[in-house]
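K.L.:
Please find one structure pasted underneath; my questions will follow.
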Amino acid sequence: MYRLHKKNPQVYTVEKLARDYRIMRQRVHAILWLKEIEEEEEKRLGHPLDDSVEQLLDSCPEFFNSHDREFHVASLPYKPDFKVMPEGWDGITKDVDEVHYEISMKEDEMLYREFVEKMNFNKKKMAGEVKCHKYSRRRPSDGWTFTVEKLGHQGKRGGGGGWKFASMPDGSSRPLNDMEKMYVKRETPRRRRRILP
């Protein structure tokens with residue numbers, strides 16, 4: 001999978017690999033990232049890593065349960081929904097399975113987007129771009145840079161109102177960079193019920 005994606009990433013995209021191997025897109029992302037880390041580690045050490053576990057798993061396929069495809073299935077609290085229709089009503093009612101499938105697809109897309117966001121954040125964390133230890137939070141010599149949110153009409157905040165910008169120590173301001181936008185997006189609450197993967 002990793003060799004195919006590395007050889008031609010335009011053809012062997014994450015979606016195509018997920019369809020071909022019948023697994024979820026999240027798993028494809030995780031496999032590709034793991035193989036990237038292994039490749040970097042091999043370059044650093046100068047010799048290939050121990051692959052005895054992979055050879056064992058390849059030689060013993062009975063360890064795995066065969067499946068058609070990994071797919072997120074929404075858990076819905078079903079209850080009877082009785083409606084009284086007028087006499088001349090000739091509308092169309094959707095099948096319960098069809099509605100369940102549409103909801104599952106929407107939830108799967110939401111879970112996929114959140115997974116990619118978290119994975120990109122973890123990549124930046126491993127690369128050292130995200131500072132987590134206490135020494136990185138000490139006050140810089142020229143002062144702090146603050147994120148300020150300007151209120152919109154009628155004093156509204158967030159998506160329905162103002163916008164955010166960075167206030168520099170010298171009093172000037174600038175728009176948020178990509179890293180700051182990522183932090184703002186991570187701290188924004190998701191207004192939805194909890195989805196069980």
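Please note that chains go A, B, ... in the order of the structure tokens, that every chain numbers its residues from 1, and that ligands are numbered from 1 in the order shown.
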For Ile103 of chain A, list every protein, DNA or RNA residue within 9 Å, evaluated using only C-alpha atoms, and leave out those in the same chain fewer than 4 positions away; present the list as a list in words.
P.N.:
Val73, Ala74, Glu98, Val99, Glu107 and Asp108 of chain A
K.L.:
Those residues you just picked out, can you put them in a file as a JSON list (two decimals), in the first residue's frame with C-alpha atoms?
P.N.:
```json
[["chain", "number", "residue", "atom", "x", "y", "z"],
["A", 73, "VAL", "CA", -22.68, 2.26, 11.27],
["A", 74, "ALA", "CA", -24.59, 4.95, 13.13],
["A", 98, "GLU", "CA", -31.91, 4.21, 3.48],
["A", 99, "VAL", "CA", -32.14, 6.93, 6.14],
["A", 107, "GLU", "CA", -21.20, 10.62, 10.57],
["A", 108, "ASP", "CA", -18.41, 8.71, 8.82]]
```
K.L.:
Interatomic distance between atom CA of Asp20 of chain A and atom CA of Glu40 of chain A?
P.N.:
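Between these atoms lies a distance of 26.4 Å.
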K.L.:
Contacts of Ile195 of chain A at 12 Å or less, counting only C-alpha atoms, minus same-chain residues fewer than 4 places along, as an MDAnalysis selection string?
P.N.:
chainID A and resid 72:76 103:104 106:112 114 190:191
K.L.:
Excluding Gly143 of chain A and any residue of its chain fewer than 6 positions from it, enumerate the residues within 10 Å of it, using only C-alpha atoms, and give them as a compact mmCIF listing (two decimals) with C-alpha atoms, in the first residue's frame.
P.N.:
```txt
# COMPACT_ATOMS: atom_id res chain seq x y z
CA MET A 168 1.86 41.86 18.62
CA PRO A 169 3.93 43.13 21.62
CA ASP A 170 4.70 46.41 19.81
```
K.L.:
How would you write, as a VMD selection string, the set of residues in chain A that DSSP gives as alpha helix (DSSP H)?
P.N.:
chain A and resid 2 to 7 14 to 21 25 to 45 52 to 59 96 to 126 178 to 187
K.L.:
Compile the contact shell of segment 171-174 of chain A as an MDAnalysis selection string: residues with an atom at most 10 Å away, counting only C-alpha atoms, same-chain residues fewer than 5 positions apart removed.
P.N.:
chainID A and resid 145:148 164:166
K.L.:
List the neighbours of segment 21-33 of chain A out to 8 Å using only C-alpha atoms; skip same-chain residues closer than 6 positions along the sequence, and give me the result as an NGL selection string.
P.N.:
:A and (1-2 or 14-15 or 68-71 or 112 or 115-116)
